[in-house]
file target.cif (mmCIF, C-alpha atoms)
data_run
#
loop_
_atom_site.group_PDB
_atom_site.id
_atom_site.type_symbol
_atom_site.label_atom_id
_atom_site.label_comp_id
_atom_site.auth_asym_id
_atom_site.auth_seq_id
_atom_site.Cartn_x
_atom_site.Cartn_y
_atom_site.Cartn_z
ATOM 1 C CA MET O 1 -26.031 51.582 9.549
ATOM 2 C CA ASP O 2 -29.188 51.414 7.453
ATOM 3 C CA SER O 3 -30.802 48.255 6.088
ATOM 4 C CA HIS O 4 -29.096 48.505 2.686
ATOM 5 C CA GLN O 5 -25.637 48.688 4.201
ATOM 6 C CA ALA O 6 -26.410 45.756 6.493
ATOM 7 C CA ALA O 7 -27.713 43.727 3.535
ATOM 8 C CA LYS O 8 -24.567 44.404 1.507
ATOM 9 C CA LYS O 9 -22.365 43.485 4.456
ATOM 10 C CA LEU O 10 -24.181 40.162 4.926
ATOM 11 C CA GLY O 11 -23.943 39.382 1.194
ATOM 12 C CA LEU O 12 -27.652 39.684 0.463
ATOM 13 C CA LYS O 13 -28.073 40.046 -3.298
ATOM 14 C CA THR O 14 -31.617 41.430 -3.224
ATOM 15 C CA LEU O 15 -31.740 44.598 -1.207
ATOM 16 C CA PRO O 16 -34.875 45.343 0.817
ATOM 17 C CA GLY O 17 -37.293 47.740 -0.895
ATOM 18 C CA ASP O 18 -38.234 49.527 2.299
ATOM 19 C CA SER O 19 -36.841 50.134 5.710
ATOM 20 C CA SER O 20 -38.031 46.786 7.076
ATOM 21 C CA SER O 21 -35.456 44.147 7.961
ATOM 22 C CA GLU O 22 -37.457 40.984 7.180
ATOM 23 C CA LEU O 23 -35.215 39.958 4.280
ATOM 24 C CA ILE O 24 -32.111 40.437 6.409
ATOM 25 C CA PHE O 25 -33.652 38.419 9.229
ATOM 26 C CA LEU O 26 -34.672 35.604 6.874
ATOM 27 C CA HIS O 27 -31.213 35.592 5.329
ATOM 28 C CA LEU O 28 -29.615 35.238 8.738
ATOM 29 C CA LEU O 29 -32.007 32.404 9.619
ATOM 30 C CA ALA O 30 -31.064 30.568 6.421
ATOM 31 C CA THR O 31 -27.312 31.056 6.712
ATOM 32 C CA ALA O 32 -26.966 30.612 10.488
ATOM 33 C CA PRO O 33 -30.050 28.867 11.881
ATOM 34 C CA PRO O 34 -30.331 28.914 15.674
ATOM 35 C CA ARG O 35 -29.879 25.729 17.672
ATOM 36 C CA GLN O 36 -33.316 25.992 19.239
ATOM 37 C CA GLN O 37 -36.390 26.400 17.044
ATOM 38 C CA PHE O 38 -38.967 28.775 18.466
ATOM 39 C CA ALA O 39 -41.556 28.368 15.699
ATOM 40 C CA ALA O 40 -44.529 26.130 16.430
ATOM 41 C CA GLU O 41 -44.997 22.836 14.583
ATOM 42 C CA ALA O 42 -47.922 24.218 12.612
ATOM 43 C CA TYR O 43 -45.669 26.912 11.113
ATOM 44 C CA ARG O 44 -43.046 24.299 10.211
ATOM 45 C CA HIS O 45 -45.482 21.975 8.418
ATOM 46 C CA ASP O 46 -44.596 23.191 4.946
ATOM 47 C CA TYR O 47 -40.909 22.945 5.806
ATOM 48 C CA ARG O 48 -41.305 19.325 6.904
ATOM 49 C CA ILE O 49 -43.152 18.516 3.693
ATOM 50 C CA SER O 50 -40.339 20.123 1.733
ATOM 51 C CA GLN O 51 -37.788 18.016 3.611
ATOM 52 C CA MET O 52 -39.740 14.848 2.890
ATOM 53 C CA ARG O 53 -40.044 15.776 -0.765
ATOM 54 C CA TYR O 54 -36.321 16.363 -1.107
ATOM 55 C CA GLY O 55 -35.655 13.100 0.742
ATOM 56 C CA LEU O 56 -37.933 11.146 -1.589
ATOM 57 C CA ILE O 57 -36.330 12.784 -4.590
ATOM 58 C CA GLY O 58 -32.895 11.782 -3.271
ATOM 59 C CA LEU O 59 -34.016 8.195 -2.690
ATOM 60 C CA ALA O 60 -35.509 8.066 -6.176
ATOM 61 C CA ILE O 61 -32.248 9.303 -7.664
ATOM 62 C CA VAL O 62 -30.261 6.719 -5.691
ATOM 63 C CA ALA O 63 -32.655 3.942 -6.762
ATOM 64 C CA LEU O 64 -32.444 5.092 -10.364
ATOM 65 C CA LEU O 65 -28.657 5.081 -10.277
ATOM 66 C CA GLY O 66 -28.646 1.658 -8.590
ATOM 67 C CA GLY O 67 -31.003 0.252 -11.210
ATOM 68 C CA PHE O 68 -28.870 1.709 -13.961
ATOM 69 C CA LEU O 69 -25.710 0.183 -12.503
ATOM 70 C CA PHE O 70 -27.424 -3.189 -11.996
ATOM 71 C CA GLY O 71 -28.720 -3.153 -15.559
ATOM 72 C CA ALA O 72 -25.256 -2.295 -16.845
ATOM 73 C CA LYS O 73 -23.774 -5.196 -14.873
ATOM 74 C CA GLN O 74 -26.409 -7.573 -16.238
ATOM 75 C CA LEU O 75 -25.664 -6.446 -19.771
ATOM 76 C CA TYR O 76 -21.946 -6.990 -19.211
ATOM 77 C CA ASP O 77 -22.521 -10.455 -17.726
ATOM 78 C CA ASN O 78 -24.806 -11.354 -20.617
ATOM 79 C CA TYR O 79 -22.175 -10.235 -23.086
ATOM 80 C CA SER O 80 -19.479 -12.224 -21.253
ATOM 81 C CA LEU O 81 -21.634 -15.357 -21.219
ATOM 82 C CA ARG O 82 -22.326 -15.026 -24.918
ATOM 83 C CA GLN O 83 -18.628 -14.682 -25.647
ATOM 84 C CA GLU O 84 -17.855 -17.697 -23.453
ATOM 85 C CA ALA O 85 -20.585 -19.749 -25.155
ATOM 86 C CA VAL O 86 -19.162 -18.870 -28.556
ATOM 87 C CA ALA O 87 -15.658 -19.849 -27.410
ATOM 88 C CA LEU O 88 -16.903 -23.154 -25.944
ATOM 89 C CA THR O 89 -18.821 -23.958 -29.113
ATOM 90 C CA ALA O 90 -15.729 -23.355 -31.203
ATOM 91 C CA SER O 91 -13.607 -25.445 -28.814
ATOM 92 C CA GLU O 92 -16.159 -28.281 -28.848
ATOM 93 C CA ALA O 93 -16.192 -28.304 -32.629
ATOM 94 C CA ASP O 94 -12.391 -28.373 -32.735
ATOM 95 C CA LEU O 95 -12.170 -31.188 -30.170
ATOM 96 C CA SER O 96 -14.834 -33.209 -31.995
ATOM 97 C CA TRP O 97 -12.926 -32.865 -35.238
ATOM 98 C CA ARG O 98 -9.677 -33.917 -33.558
ATOM 99 C CA TYR O 99 -11.415 -36.892 -31.899
ATOM 100 C CA ARG O 100 -12.821 -38.076 -35.216
ATOM 101 C CA GLU O 101 -9.417 -37.655 -36.804
ATOM 102 C CA ILE O 102 -7.670 -39.654 -34.060
ATOM 103 C CA SER O 103 -10.373 -42.327 -33.773
ATOM 104 C CA ALA O 104 -10.112 -42.941 -37.503
ATOM 105 C CA THR O 105 -6.615 -44.364 -36.880
ATOM 106 C CA PHE O 106 -7.847 -46.859 -34.228
ATOM 107 C CA PRO O 107 -8.107 -50.538 -35.191
ATOM 108 C CA GLN O 108 -11.629 -51.624 -35.994
ATOM 109 C CA LEU O 109 -13.091 -53.743 -33.173
ATOM 110 C CA GLY O 110 -16.337 -54.675 -34.830
ATOM 111 C CA ILE O 111 -18.479 -53.136 -32.038
ATOM 112 C CA ASP O 112 -19.856 -49.683 -31.518
ATOM 113 C CA ASN O 113 -18.761 -47.258 -28.821
ATOM 114 C CA ASP O 114 -21.776 -47.882 -26.580
ATOM 115 C CA THR O 115 -21.140 -51.620 -26.460
ATOM 116 C CA LEU O 116 -17.448 -51.052 -25.785
ATOM 117 C CA ARG O 117 -18.316 -48.663 -22.961
ATOM 118 C CA ARG O 118 -20.666 -51.209 -21.383
ATOM 119 C CA VAL O 119 -18.005 -53.909 -21.609
ATOM 120 C CA THR O 120 -15.371 -51.739 -19.920
ATOM 121 C CA ASP O 121 -17.834 -50.700 -17.200
ATOM 122 C CA ARG O 122 -18.641 -54.350 -16.561
ATOM 123 C CA GLN O 123 -14.951 -55.189 -16.348
ATOM 124 C CA GLN O 124 -14.383 -52.441 -13.789
ATOM 125 C CA GLU O 125 -17.323 -53.725 -11.747
ATOM 126 C CA LEU O 126 -15.895 -57.259 -11.784
ATOM 127 C CA LEU O 127 -12.493 -55.950 -10.724
ATOM 128 C CA ARG O 128 -14.092 -54.180 -7.757
ATOM 129 C CA GLN O 129 -15.819 -57.423 -6.736
ATOM 130 C CA GLN O 130 -12.701 -59.531 -7.161
ATOM 131 C CA ARG O 131 -11.449 -61.155 -3.972
ATOM 132 C CA VAL O 132 -7.859 -62.377 -3.764
ATOM 133 C CA PRO O 133 -6.161 -64.087 -0.791
ATOM 134 C CA ASN O 134 -3.299 -61.618 -0.534
ATOM 135 C CA GLY O 135 -3.515 -61.213 3.236
ATOM 136 C CA ALA O 136 -3.753 -64.954 3.886
ATOM 137 C CA PHE O 137 -0.844 -65.746 1.573
ATOM 138 C CA ILE O 138 1.339 -63.103 3.226
ATOM 139 C CA LEU O 139 0.536 -64.529 6.672
ATOM 140 C CA VAL O 140 1.373 -68.090 5.587
ATOM 141 C CA SER O 141 4.562 -67.040 3.802
ATOM 142 C CA HIS O 142 5.870 -65.232 6.897
ATOM 143 C CA ALA O 143 5.193 -68.295 9.033
ATOM 144 C CA LEU O 144 6.926 -70.599 6.533
ATOM 145 C CA ASN O 145 9.967 -68.328 6.434
ATOM 146 C CA GLU O 146 10.264 -68.485 10.223
ATOM 147 C CA VAL O 147 9.888 -72.288 10.340
ATOM 148 C CA PRO O 148 11.794 -73.777 7.361
ATOM 149 C CA ASN O 149 11.197 -77.362 8.564
ATOM 150 C CA VAL O 150 7.510 -77.024 7.679
ATOM 151 C CA HIS O 151 6.859 -78.020 4.069
ATOM 152 C CA LEU O 152 3.543 -77.009 2.542
ATOM 153 C CA GLU O 153 1.956 -79.595 0.241
ATOM 154 C CA SER O 154 -1.448 -78.060 -0.515
ATOM 155 C CA LEU O 155 -3.365 -74.865 0.123
ATOM 156 C CA ASP O 156 -7.140 -74.695 -0.242
ATOM 157 C CA TRP O 157 -8.670 -71.197 -0.310
ATOM 158 C CA ARG O 158 -12.365 -70.397 -0.547
ATOM 159 C CA LEU O 159 -14.834 -67.677 0.321
ATOM 160 C CA GLY O 160 -17.687 -68.173 2.734
ATOM 161 C CA ASP O 161 -18.291 -69.143 6.322
ATOM 162 C CA ASN O 162 -16.468 -71.812 8.239
ATOM 163 C CA ALA O 163 -18.349 -74.778 6.780
ATOM 164 C CA PRO O 164 -17.341 -77.852 4.772
ATOM 165 C CA ALA O 165 -17.482 -77.581 1.013
ATOM 166 C CA THR O 166 -20.073 -80.375 0.796
ATOM 167 C CA GLY O 167 -22.483 -78.615 3.149
ATOM 168 C CA THR O 168 -24.457 -75.424 2.886
ATOM 169 C CA ALA O 169 -21.536 -73.412 1.527
ATOM 170 C CA ALA O 170 -21.422 -75.617 -1.573
ATOM 171 C CA ARG O 171 -24.927 -74.525 -2.501
ATOM 172 C CA ASN O 172 -24.188 -70.807 -2.260
ATOM 173 C CA THR O 173 -24.251 -68.890 -5.495
ATOM 174 C CA ILE O 174 -21.285 -66.947 -6.797
ATOM 175 C CA GLY O 175 -22.977 -63.669 -5.904
ATOM 176 C CA GLU O 176 -23.467 -64.740 -2.290
ATOM 177 C CA LEU O 177 -19.847 -65.849 -2.039
ATOM 178 C CA LEU O 178 -18.603 -62.528 -3.409
ATOM 179 C CA LYS O 179 -20.668 -60.691 -0.797
ATOM 180 C CA SER O 180 -19.163 -62.766 2.014
ATOM 181 C CA ASN O 181 -16.623 -61.112 4.304
ATOM 182 C CA ASN O 182 -14.965 -64.378 5.361
ATOM 183 C CA GLU O 183 -12.290 -66.498 3.749
ATOM 184 C CA ILE O 184 -11.164 -70.000 4.676
ATOM 185 C CA VAL O 185 -7.629 -71.291 4.074
ATOM 186 C CA VAL O 186 -6.785 -74.951 4.721
ATOM 187 C CA LEU O 187 -3.074 -75.778 4.890
ATOM 188 C CA ARG O 188 -1.794 -79.326 4.521
ATOM 189 C CA GLY O 189 1.866 -80.152 4.838
ATOM 190 C CA THR O 190 4.579 -82.090 6.598
ATOM 191 C CA ILE O 191 7.235 -81.450 9.235
ATOM 192 C CA ARG O 192 10.701 -82.761 8.424
ATOM 193 C CA LEU O 193 13.250 -82.523 11.226
ATOM 194 C CA GLY O 194 15.523 -85.400 10.319
ATOM 195 C CA PRO O 195 15.931 -89.023 11.420
ATOM 196 C CA THR O 196 17.072 -88.188 14.976
ATOM 197 C CA SER O 197 14.104 -85.961 15.838
ATOM 198 C CA THR O 198 11.689 -86.914 18.590
ATOM 199 C CA PRO O 199 7.899 -86.561 18.598
ATOM 200 C CA ARG O 200 8.213 -83.821 21.203
ATOM 201 C CA GLN O 201 10.455 -81.788 18.904
ATOM 202 C CA THR O 202 8.052 -82.308 16.030
ATOM 203 C CA LEU O 203 5.111 -81.118 18.117
ATOM 204 C CA ALA O 204 7.092 -78.109 19.359
ATOM 205 C CA THR O 205 7.896 -77.122 15.782
ATOM 206 C CA PHE O 206 4.258 -77.531 14.787
ATOM 207 C CA GLU O 207 3.012 -75.467 17.749
ATOM 208 C CA HIS O 208 5.494 -72.710 16.911
ATOM 209 C CA PHE O 209 4.193 -72.656 13.342
ATOM 210 C CA VAL O 210 0.590 -72.424 14.573
ATOM 211 C CA ASP O 211 1.510 -69.595 16.967
ATOM 212 C CA LEU O 212 2.980 -67.651 14.055
ATOM 213 C CA LEU O 213 -0.291 -68.048 12.177
ATOM 214 C CA ARG O 214 -2.216 -66.735 15.195
ATOM 215 C CA VAL O 215 -0.271 -63.471 15.235
ATOM 216 C CA ASP O 216 -2.910 -61.918 12.997
ATOM 217 C CA ARG O 217 -5.824 -60.784 15.187
ATOM 218 C CA ASP O 218 -8.275 -61.122 12.295
ATOM 219 C CA SER O 219 -7.455 -64.814 11.865
ATOM 220 C CA GLU O 220 -8.896 -67.791 13.715
ATOM 221 C CA VAL O 221 -6.590 -70.818 13.491
ATOM 222 C CA THR O 222 -7.949 -74.339 14.019
ATOM 223 C CA VAL O 223 -5.821 -77.489 14.009
ATOM 224 C CA LEU O 224 -7.534 -80.144 11.885
ATOM 225 C CA GLN O 225 -4.780 -82.761 12.093
ATOM 226 C CA GLN O 226 -1.717 -82.848 14.325
ATOM 227 C CA PRO O 227 1.562 -84.488 13.335
ATOM 228 C CA PHE O 228 1.015 -87.138 16.033
ATOM 229 C CA GLU O 229 -2.201 -88.672 17.274
ATOM 230 C CA ILE O 230 -2.035 -88.170 21.044
ATOM 231 C CA GLU O 231 -4.516 -90.282 22.962
ATOM 232 C CA SER O 232 -6.210 -88.898 26.053
ATOM 233 C CA GLY O 233 -4.425 -89.865 29.268
ATOM 234 C CA ARG O 234 -1.265 -90.988 27.509
ATOM 235 C CA ALA O 235 1.984 -89.117 28.140
ATOM 236 C CA LEU O 236 4.274 -88.373 25.235
ATOM 237 C CA ARG O 237 7.851 -89.553 25.900
ATOM 238 C CA GLY O 238 10.950 -88.862 23.937
ATOM 239 C CA GLY O 239 11.541 -92.562 23.408
ATOM 240 C CA ASP O 240 8.060 -93.296 22.096
ATOM 241 C CA VAL O 241 9.117 -93.574 18.488
ATOM 242 C CA ASP O 242 7.487 -96.003 16.133
ATOM 243 C CA SER O 243 9.146 -97.621 13.215
ATOM 244 C CA ASP O 244 7.861 -94.957 10.827
ATOM 245 C CA ASP O 245 8.797 -91.919 12.956
ATOM 246 C CA THR O 246 11.679 -91.176 10.632
ATOM 247 C CA GLN O 247 9.189 -90.244 7.941
ATOM 248 C CA ALA O 248 7.691 -86.756 7.553
ATOM 249 C CA ARG O 249 4.709 -86.090 9.790
ATOM 250 C CA GLN O 250 1.610 -84.666 8.099
ATOM 251 C CA PHE O 251 -0.625 -81.963 9.547
ATOM 252 C CA ALA O 252 -3.661 -79.883 8.556
ATOM 253 C CA VAL O 253 -4.500 -76.361 9.752
ATOM 254 C CA GLN O 254 -7.514 -74.204 8.946
ATOM 255 C CA ILE O 255 -7.376 -70.386 8.976
ATOM 256 C CA ALA O 256 -10.601 -68.368 9.036
ATOM 257 C CA ARG O 257 -10.054 -64.674 8.291
ATOM 258 C CA LYS O 258 -12.222 -61.575 8.136
ATOM 259 C CA LEU O 259 -11.773 -59.719 4.879
ATOM 260 C CA ALA O 260 -11.130 -56.000 5.016
ATOM 261 C CA PRO O 261 -14.062 -53.913 3.674
#
call {"tool": "encode", "arguments": {"input": "target.cif", "output": "C-alpha cells"}}
result
Amino acid sequence: MDSHQAAKKLGLKTLPGDSSSELIFLHLLATAPPRQQFAAEAYRHDYRISQMRYGLIGLAIVALLGGFLFGAKQLYDNYSLRQEAVALTASEADLSWRYREISATFPQLGIDNDTLRRVTDRQQELLRQQRVPNGAFILVSHALNEVPNVHLESLDWRLGDNAPATGTAARNTIGELLKSNNEIVVLRGTIRLGPTSTPRQTLATFEHFVDLLRVDRDSEVTVLQQPFEIESGRALRGGDVDSDDTQARQFAVQIARKLAP
C-alpha cells in the first residue's frame, strides 16, 4: 500500500506530494494523539501558546455573553420600574382625586388637617397614659360577693406611693403620678350581721374579708381600722357586748397594688 492509498483510507483530504509519510503521520497525531507525549517542552511552546490564546478567546466570549445578558436584564428591570412608576403615579392621582371628592362631603370643623392630626395624636398619647383601677375594683368586687355582710361606704383610689394625701404625695405633679407604678385603694365600710351577732363573729367576718383581699399577690393589705378596738392584754369574750353593739361596725382597709407595665 503506497502513501496515497494510505492517505485515502485515513480520510486525508490533501494527498502527499511525494513518497514521504509526514502528512499521514501528522494526521494520525491530530486524530488519535498518544497518551504519552515524547516531544520536549521547547517543541511544544507554540502549542501551549495556542492553547492559552484559545482559552483567553473563550473566556472573552463568555464574558461578552455575560455582559450582554446582564445589560439585557438591566434594561428589562429599568423598563419594568418605569412602567411601575407610571402605574403608581396614575394610581396616586386617582386616589388623590377620590380623597378630595370624599373629603368635600365632610362637615367643616374649622381647623386644618395638621391641627386635627396633632389633636388626635395627643388624644392617643393621653389614652396610653391613662390609668384606671380595673384590677383593684375587680379584687374588691370579688371579696364583696363572697362576704355579703360587708357593706362598702366609700372607696378612695389614688396613684402614688403608700403615703398620706397631705404629705409628699400631695405635692407630686400629674406627670409624676402618671409615671408611678403603684396605686392605693382605701376601703371604708361597715359589717352588719344582725342584732344577735357577737364581736367575735364580727371580727371573723372582717378577717375573712381581709383574707379575700390578700389573695392577689401583687396587693399589700393593711388594716387601718378594725370593727372593734381591742386593747392589749384584754381577751375578747362573746358576752362583751356594749349597748351599741347592735349597730353596724365600721372598718377601714388600705390596699397597695403594683400596676402592670
call {"tool": "closest_residue", "arguments": {"input": "target.cif", "among": "O:Leu203, O:Ile184, O:Leu69, O:Leu193", "to": "Ser219 of chain O", "atoms": "all atoms listed in the file"}}
result
O:Ile184
call {"tool": "atom_distance", "arguments": {"input": "target.cif", "atom1": "atom CA of Thr190 of chain O", "atom2": "atom CA of Leu259 of chain O"}}
result
27.8 Å
call {"tool": "atom_distance", "arguments": {"input": "target.cif", "atom1": "atom CA of Gly58 of chain O", "atom2": "atom CA of Ala39 of chain O"}}
result
26.6 Å
call {"tool": "atom_distance", "arguments": {"input": "target.cif", "atom1": "atom CA of Arg249 of chain O", "atom2": "atom CA of Phe228 of chain O"}}
result
7.3 Å
call {"tool": "residues_around", "arguments": {"input": "target.cif", "residues": "Ala256 of chain O", "least_positions_apart": "4", "cutoff": "7 Å", "atoms": "only C-alpha atoms", "output": "list in words"}}
result
Asn162, Asn182, Glu183, Ile184, Val185, Ser219, Glu220 and Val221 of chain O
call {"tool": "residues_around", "arguments": {"input": "target.cif", "residues": "Glu146 of chain O", "least_positions_apart": "4", "cutoff": "10 Å", "atoms": "only C-alpha atoms", "output": "list in words"}}
result
Ser141, His142, Val150, His208, Phe209 and Leu212 of chain O
call {"tool": "closest_residue", "arguments": {"input": "target.cif", "among": "O:Ser20, O:Thr196, O:Ser91, O:Gln254", "to": "Leu155 of chain O", "atoms": "only C-alpha atoms"}}
result
O:Gln254
call {"tool": "resolve_selection", "arguments": {"input": "target.cif", "expression": "the PyMOL selection byres ((chain O and resi 134) around 12)", "output": "list in words"}}
result
Gln130, Arg131, Val132, Pro133, Gly135, Ala136, Phe137, Ile138, Leu139, Val140, Ser141, Trp157, Glu183, Val185, Arg257, Leu259 and Ala260 of chain O
call {"tool": "closest_residue", "arguments": {"input": "target.cif", "among": "O:Ala85, O:Leu23, O:Val223, O:Leu64", "to": "Val210 of chain O", "atoms": "only C-alpha atoms"}}
result
O:Val223
call {"tool": "closest_residue", "arguments": {"input": "target.cif", "among": "O:Ile255, O:Ala6, O:Ala32, O:Ile191", "to": "Arg217 of chain O", "atoms": "all atoms listed in the file"}}
result
O:Ile255
